[in-house]
Number of protein chains: 2
Amino acid sequence: MSQGKDFVIGMDLGGTFLKYALGTPDGELIINKKTPSKGKEPKQEIFNVIFSAIEELLHVAKEQGGRVIAIGLGSPGAIDFEKGKQIGSTPNLPHWIDADIRGEIELKFGIPVWADNDANVMAFAESRMGAAKGYRYSIALTLGTGIGGGIILNNEIFRGANYAGAELGHLTIDYKGLKCNCGGIGCIERYASATGMVENYAKRKKVDPAAVKTEDIFERAKAGEPEAQGTIADTCECLGAALATLVNIFNPEMIVIGGGVGDAGDKFIETIHTAVKQKAMGPALLNLKIARARLGNKAGIIGAICLAAEMHSRTKSAQGTRV
Amino acid sequence: MSQGKDFVIGMDLGGTFLKYALGTPDGELIINKKTPSKGKEPKQEIFNVIFSAIEELLHVAKEQGGRVIAIGLGSPGAIDFEKGKQIGSTPNLPHWIDADIRGEIELKFGIPVWADNDANVMAFAESRMGAAKGYRYSIALTLGTGIGGGIILNNEIFRGANYAGAELGHLTIDYKGLKCNCGGIGCIERYASATGMVENYAKRKKVDPAAVKTEDIFERAKAGEPEAQGTIADTCECLGAALATLVNIFNPEMIVIGGGVGDAGDKFIETIHTAVKQKAMGPALLNLKIARARLGNKAGIIGAICLAAEMHSRTKSAQGTRV
């Protein structure tokens, strides 16, 4: 399974779970697991969860006769990629403020660590091992409770001047529209996330949004229900507008759509693609592909492994490793 | 004036005029002129205009005891920067289809040539010699008849996978809004270009748009006219939404606003900045500056000179020069 004896650890930290995995430097998983992340507890508790996971994986690596050469971790919110440090806090991990991810883990294990925003890491995974493999310019959108995004330009993650870019859920598609949690108005997240879809559908059906799931909407649309079909048509129209903006700005070769809503099926992706073709500019559309994400909920751990492996191989001479 | 004896030619090709200049490799202008570009005439006629301009500037360089080491040219539409070639055509230069800008000029003069989209070149000028000097991540918007834009990421022009990116006039701000010439709906260009402003104002005043100029609108707003003030407020609101999208995506350090509308004054820029602050996300706003463009209608020639000089110094070993 493993190529030689070098392994890489990948972790995906969320408010509820820490996913963690051991893989080869080229992103093949050896073992992957998850454990409660204790996201609402103090910073040190979360680090302890991470430390236990690493210890477990170091043990597996040793059993396989290998060593861990690098650790990658994706975390929500803005991350200073150069320093490997959380910037400020993030709603689902309220005490994770300014967490020195690299500093704490390297201090304990002496293995080089790279940390990045979780959506960046997922986009990286799709770019290296998933639907965007082989494309130099790609964008990944995750349609879930909110909308997250990552941008790959010339094969590299784009992070912005202060690691606060790629907030692709917060493109304005309706400047006089719905208020967004971010403080903005008419952000695509309010219209095409699971939350936005459910709200739209509940309004059409005059029911409680708490009683609706996006899966239901897609199922009822298939069964011919006009309110469900209308909701999906709205979602595709709004996504078409947001993606047209991204296409006109980035002229990407591939847009990958994932997350709960993104998993609705190929017809959903096709309808979005049709909307984008109607709205974006000809030259930028010429070589555009749109596809479903391939790595599902393993994108975080796979991306963290791939990112740490690549960064390690680039900086090997500057940083020593020991297990 | 000149540093040593090396000069660079910069040209800015438009539908009406060719602007052309001789400068030092660090962008100081020695001489700058303009001449009708014969934009509607066949391709060879336009090349002849360019050739005459180059001959004139080569003569000036010789008189100054120097030589021309590189030529830069900005042209509307999509340009294959690697090949120095126009991709397709552009409305104001209908016969300029697939023009082999580098090939033709290098064949005639034996001097290395770089060609790029005119808005990219202008953004580059502001980044090297203008309002965005010293900022690694900047965006330049030109508010004129249409809206053009250029994106500088980590000090380099961003062009997209097929040189069709950075179409910043075509960000959707109102997905159910006004139809745009580009085929899209609700593009910022329809709202905040000179054309969009005039249309808005003419509708409010119930007058013929042909009789209105943006300068009049700004003057009348100063004099207290509600329709003019309302038009400007709308423009700033719409620009605020489009720039918030760009800020949330790129997390830039500087946004430069130029063009006829952009020249309206510092108060206009401040109002736009206030709108952006209300709409964009906190972390991405942290170090954001917004400023008026500094290089005015010389941005094209200065940018062409700076770009050619930089590319020349990078590739000196690969390409020989002779005058």
# chains A, B, ... in the order shown; residues from 1 in each chain; ligands from 1
>>> residues_around(residues="region 87-100 of chain A", least_positions_apart="5", cutoff="7 Å", atoms="only C-alpha atoms", output="ChimeraX atom specification")
/A:15,39-43,76-80
>>> write_last_selection(atoms="N, CA and C atoms", output="PDB file, in the first residue's frame")
ATOM      1  N   GLY A  15     -16.242  21.667  14.231  1.00  0.00           N
ATOM      2  CA  GLY A  15     -16.835  21.967  15.532  1.00  0.00           C
ATOM      3  C   GLY A  15     -17.288  20.718  16.275  1.00  0.00           C
ATOM      4  N   GLY A  39     -15.217  20.766  20.362  1.00  0.00           N
ATOM      5  CA  GLY A  39     -15.101  22.086  19.748  1.00  0.00           C
ATOM      6  C   GLY A  39     -15.483  23.261  20.635  1.00  0.00           C
ATOM      7  N   LYS A  40     -16.371  23.027  21.593  1.00  0.00           N
ATOM      8  CA  LYS A  40     -16.804  24.151  22.442  1.00  0.00           C
ATOM      9  C   LYS A  40     -15.926  24.295  23.681  1.00  0.00           C
ATOM     10  N   GLU A  41     -15.012  23.344  23.879  1.00  0.00           N
ATOM     11  CA  GLU A  41     -14.192  23.369  25.098  1.00  0.00           C
ATOM     12  C   GLU A  41     -12.944  24.242  24.909  1.00  0.00           C
ATOM     13  N   PRO A  42     -12.201  24.466  26.004  1.00  0.00           N
ATOM     14  CA  PRO A  42     -11.025  25.341  25.903  1.00  0.00           C
ATOM     15  C   PRO A  42      -9.999  24.806  24.909  1.00  0.00           C
ATOM     16  N   LYS A  43      -9.159  25.717  24.477  1.00  0.00           N
ATOM     17  CA  LYS A  43      -8.163  25.432  23.438  1.00  0.00           C
ATOM     18  C   LYS A  43      -7.348  24.178  23.748  1.00  0.00           C
ATOM     19  N   PRO A  76     -11.534  25.474  10.322  1.00  0.00           N
ATOM     20  CA  PRO A  76     -12.386  26.552   9.808  1.00  0.00           C
ATOM     21  C   PRO A  76     -11.783  27.922  10.124  1.00  0.00           C
ATOM     22  N   GLY A  77     -12.249  28.931   9.406  1.00  0.00           N
ATOM     23  CA  GLY A  77     -11.793  30.302   9.663  1.00  0.00           C
ATOM     24  C   GLY A  77     -10.499  30.629   8.946  1.00  0.00           C
ATOM     25  N   ALA A  78      -9.973  31.806   9.241  1.00  0.00           N
ATOM     26  CA  ALA A  78      -8.755  32.270   8.572  1.00  0.00           C
ATOM     27  C   ALA A  78      -7.533  31.702   9.281  1.00  0.00           C
ATOM     28  N   ILE A  79      -6.590  31.181   8.489  1.00  0.00           N
ATOM     29  CA  ILE A  79      -5.353  30.615   9.026  1.00  0.00           C
ATOM     30  C   ILE A  79      -4.169  31.322   8.376  1.00  0.00           C
ATOM     31  N   ASP A  80      -3.251  31.763   9.190  1.00  0.00           N
ATOM     32  CA  ASP A  80      -1.995  32.294   8.661  1.00  0.00           C
ATOM     33  C   ASP A  80      -1.153  31.101   8.214  1.00  0.00           C
TER      34      ASP A  80
END
>>> select_by_dssp(residues="region 252-319 of chain A", states="helix (DSSP H, G or I)", output="VMD selection string")
chain A and resid 259 to 262 266 to 279 282 to 285 296 to 315
>>> interface_residues(of="chain A", to="chain B", cutoff="6 Å", atoms="only C-alpha atoms", output="ChimeraX atom specification")
/A:160-161,164-167,171-175,184,245,248-252,279,283-284
>>> write_last_selection(atoms="C-alpha atoms", output="mmCIF file, in the first residue's frame")
data_model
loop_
_atom_site.group_PDB
_atom_site.id
_atom_site.type_symbol
_atom_site.label_atom_id
_atom_site.label_comp_id
_atom_site.auth_asym_id
_atom_site.auth_seq_id
_atom_site.Cartn_x
_atom_site.Cartn_y
_atom_site.Cartn_z
ATOM 1 C CA GLY A 160 -5.408 36.561 -0.363
ATOM 2 C CA ALA A 161 -3.119 39.196 1.107
ATOM 3 C CA ALA A 164 -8.928 36.149 4.358
ATOM 4 C CA GLY A 165 -9.803 35.572 0.684
ATOM 5 C CA ALA A 166 -11.753 32.841 -1.122
ATOM 6 C CA GLU A 167 -14.926 33.500 0.865
ATOM 7 C CA LEU A 171 -20.393 36.901 -3.462
ATOM 8 C CA THR A 172 -23.190 39.452 -3.826
ATOM 9 C CA ILE A 173 -25.757 38.264 -6.354
ATOM 10 C CA ASP A 174 -28.572 40.581 -5.248
ATOM 11 C CA TYR A 175 -27.400 43.893 -3.822
ATOM 12 C CA GLY A 184 -23.395 41.756 3.801
ATOM 13 C CA THR A 245 -19.057 36.045 -11.697
ATOM 14 C CA ASN A 248 -15.616 36.123 -15.635
ATOM 15 C CA ILE A 249 -13.051 36.854 -12.923
ATOM 16 C CA PHE A 250 -10.954 33.674 -12.914
ATOM 17 C CA ASN A 251 -11.516 32.017 -16.282
ATOM 18 C CA PRO A 252 -11.035 28.640 -14.538
ATOM 19 C CA LYS A 279 -24.698 34.178 -18.020
ATOM 20 C CA PRO A 283 -14.063 33.468 -24.056
ATOM 21 C CA ALA A 284 -14.022 32.555 -20.355
#
>>> select_by_dssp(residues="region 116-309 of chain B", states="strand (DSSP E)", output="ChimeraX atom specification")
/B:116-117,138-143,147-153,156-157,254-258,289-292
>>> write_last_selection(atoms="C-alpha atoms", output="PDB file, in the first residue's frame")
ATOM      1  CA  ASP B 116      -1.362  42.225 -22.960  1.00  0.00           C
ATOM      2  CA  ASN B 117      -4.952  43.252 -22.390  1.00  0.00           C
ATOM      3  CA  SER B 138      -4.210  45.087  -5.808  1.00  0.00           C
ATOM      4  CA  ILE B 139      -7.190  45.465  -8.086  1.00  0.00           C
ATOM      5  CA  ALA B 140      -7.694  48.310 -10.552  1.00  0.00           C
ATOM      6  CA  LEU B 141     -11.118  49.274 -11.868  1.00  0.00           C
ATOM      7  CA  THR B 142     -11.626  51.715 -14.725  1.00  0.00           C
ATOM      8  CA  LEU B 143     -15.078  53.284 -14.738  1.00  0.00           C
ATOM      9  CA  ILE B 147     -15.972  48.966 -16.702  1.00  0.00           C
ATOM     10  CA  GLY B 148     -12.551  47.406 -17.144  1.00  0.00           C
ATOM     11  CA  GLY B 149     -10.380  45.789 -14.549  1.00  0.00           C
ATOM     12  CA  GLY B 150      -7.029  44.278 -13.785  1.00  0.00           C
ATOM     13  CA  ILE B 151      -5.921  42.055 -10.932  1.00  0.00           C
ATOM     14  CA  ILE B 152      -2.424  41.989  -9.435  1.00  0.00           C
ATOM     15  CA  LEU B 153      -1.720  38.950  -7.237  1.00  0.00           C
ATOM     16  CA  GLU B 156       1.948  39.637 -10.987  1.00  0.00           C
ATOM     17  CA  ILE B 157      -0.898  40.248 -13.431  1.00  0.00           C
ATOM     18  CA  MET B 254      -5.476  48.152  -2.437  1.00  0.00           C
ATOM     19  CA  ILE B 255      -8.300  48.873  -4.864  1.00  0.00           C
ATOM     20  CA  VAL B 256      -7.555  51.614  -7.388  1.00  0.00           C
ATOM     21  CA  ILE B 257     -10.448  53.351  -9.113  1.00  0.00           C
ATOM     22  CA  GLY B 258      -9.863  55.276 -12.330  1.00  0.00           C
ATOM     23  CA  LYS B 289      -7.222  50.759   1.067  1.00  0.00           C
ATOM     24  CA  ILE B 290      -9.205  52.308  -1.775  1.00  0.00           C
ATOM     25  CA  ALA B 291      -7.667  55.140  -3.788  1.00  0.00           C
ATOM     26  CA  ARG B 292      -8.051  57.086  -7.022  1.00  0.00           C
TER      27      ARG B 292
END
>>> atom_distance(atom1="CA of Asn181 (chain B)", atom2="CA of Thr145 (chain B)")
12.3 Å
>>> closest_residue(among="A:Lys267, A:Arg128, A:Arg67, A:Arg220", to="Ile302 (chain A)", atoms="only C-alpha atoms")
A:Arg128
>>> closest_residue(among="A:Leu57, A:Val261, A:Met122, A:Ala194", to="Ile31 (chain A)", atoms="only C-alpha atoms")
A:Leu57
>>> residues_around(residues="Ile30 (chain A)", least_positions_apart="2", cutoff="12 Å", atoms="only C-alpha atoms", output="ChimeraX atom specification")
/A:1-3,6-10,20-28,32-33,57,60-61,63-64,66,301-302,305
>>> write_last_selection(atoms="C-alpha atoms", output="PDB file, in the first residue's frame")
ATOM      1  CA  MET A   1       0.000   0.000   0.000  1.00  0.00           C
ATOM      2  CA  SER A   2       2.467   2.603   1.178  1.00  0.00           C
ATOM      3  CA  GLN A   3       5.228   3.787  -1.107  1.00  0.00           C
ATOM      4  CA  ASP A   6       7.284   7.644   4.675  1.00  0.00           C
ATOM      5  CA  PHE A   7       3.816   8.515   5.944  1.00  0.00           C
ATOM      6  CA  VAL A   8       1.898  11.776   6.338  1.00  0.00           C
ATOM      7  CA  ILE A   9      -0.859  12.593   8.824  1.00  0.00           C
ATOM      8  CA  GLY A  10      -3.892  14.577   7.667  1.00  0.00           C
ATOM      9  CA  TYR A  20      -7.737  12.090  11.142  1.00  0.00           C
ATOM     10  CA  ALA A  21      -5.858   9.821   8.828  1.00  0.00           C
ATOM     11  CA  LEU A  22      -2.529   8.294   7.988  1.00  0.00           C
ATOM     12  CA  GLY A  23      -1.601   8.268   4.329  1.00  0.00           C
ATOM     13  CA  THR A  24       1.235   8.038   1.877  1.00  0.00           C
ATOM     14  CA  PRO A  25       2.821  11.288   0.654  1.00  0.00           C
ATOM     15  CA  ASP A  26       0.841  10.947  -2.576  1.00  0.00           C
ATOM     16  CA  GLY A  27      -2.458  10.939  -0.731  1.00  0.00           C
ATOM     17  CA  GLU A  28      -3.398   7.228  -0.508  1.00  0.00           C
ATOM     18  CA  ASN A  32      -8.848   7.101   8.610  1.00  0.00           C
ATOM     19  CA  LYS A  33     -10.949   7.695  11.711  1.00  0.00           C
ATOM     20  CA  LEU A  57      -1.391   7.365  14.054  1.00  0.00           C
ATOM     21  CA  VAL A  60       0.148   2.757  13.285  1.00  0.00           C
ATOM     22  CA  ALA A  61       3.027   4.174  11.249  1.00  0.00           C
ATOM     23  CA  GLU A  63       3.640  -0.854  13.189  1.00  0.00           C
ATOM     24  CA  GLN A  64       3.884  -0.517   9.423  1.00  0.00           C
ATOM     25  CA  GLY A  66       7.517   3.595   8.731  1.00  0.00           C
ATOM     26  CA  ILE A 301      -8.033  14.596   5.415  1.00  0.00           C
ATOM     27  CA  ILE A 302      -6.802  13.834   1.893  1.00  0.00           C
ATOM     28  CA  ILE A 305      -2.091  14.958   3.652  1.00  0.00           C
TER      29      ILE A 305
END
>>> residues_around(residues="Glu310 (chain B)", least_positions_apart="2", cutoff="12 Å", atoms="only C-alpha atoms", output="ChimeraX atom specification")
/B:8,24-27,69-72,112-114,124-125,128,155-156,303-308,312-316
>>> write_last_selection(atoms="C-alpha atoms", output="PDB file, in the first residue's frame")
ATOM      1  CA  VAL B   8      11.563  50.919 -23.743  1.00  0.00           C
ATOM      2  CA  THR B  24      13.255  54.380 -19.333  1.00  0.00           C
ATOM      3  CA  PRO B  25      13.034  50.753 -18.163  1.00  0.00           C
ATOM      4  CA  ASP B  26      11.760  52.013 -14.810  1.00  0.00           C
ATOM      5  CA  GLY B  27       8.811  53.762 -16.412  1.00  0.00           C
ATOM      6  CA  ILE B  69      15.533  47.080 -25.699  1.00  0.00           C
ATOM      7  CA  ALA B  70      11.846  46.124 -25.531  1.00  0.00           C
ATOM      8  CA  ILE B  71       8.378  47.078 -26.723  1.00  0.00           C
ATOM      9  CA  GLY B  72       5.145  46.718 -24.751  1.00  0.00           C
ATOM     10  CA  PRO B 112      11.324  41.741 -28.212  1.00  0.00           C
ATOM     11  CA  VAL B 113       7.639  42.526 -27.804  1.00  0.00           C
ATOM     12  CA  TRP B 114       5.121  41.861 -25.023  1.00  0.00           C
ATOM     13  CA  PHE B 124       0.192  46.948 -13.817  1.00  0.00           C
ATOM     14  CA  ALA B 125       1.063  50.633 -14.260  1.00  0.00           C
ATOM     15  CA  ARG B 128       4.451  49.744 -10.383  1.00  0.00           C
ATOM     16  CA  ASN B 155       2.930  41.427  -7.765  1.00  0.00           C
ATOM     17  CA  GLU B 156       1.948  39.637 -10.987  1.00  0.00           C
ATOM     18  CA  GLY B 303       2.126  50.051 -17.908  1.00  0.00           C
ATOM     19  CA  ALA B 304       3.232  48.814 -21.335  1.00  0.00           C
ATOM     20  CA  ILE B 305       6.721  50.184 -20.705  1.00  0.00           C
ATOM     21  CA  CYS B 306       6.949  48.705 -17.188  1.00  0.00           C
ATOM     22  CA  LEU B 307       5.643  45.324 -18.318  1.00  0.00           C
ATOM     23  CA  ALA B 308       7.984  45.068 -21.319  1.00  0.00           C
ATOM     24  CA  HIS B 312      12.765  41.731 -20.830  1.00  0.00           C
ATOM     25  CA  SER B 313      14.930  41.694 -17.745  1.00  0.00           C
ATOM     26  CA  ARG B 314      13.522  38.268 -16.808  1.00  0.00           C
ATOM     27  CA  THR B 315      14.085  36.699 -20.188  1.00  0.00           C
ATOM     28  CA  LYS B 316      17.197  38.591 -21.301  1.00  0.00           C
TER      29      LYS B 316
END
>>> atom_distance(atom1="CA of Ala228 (chain B)", atom2="CA of Tyr201 (chain B)")
6.5 Å
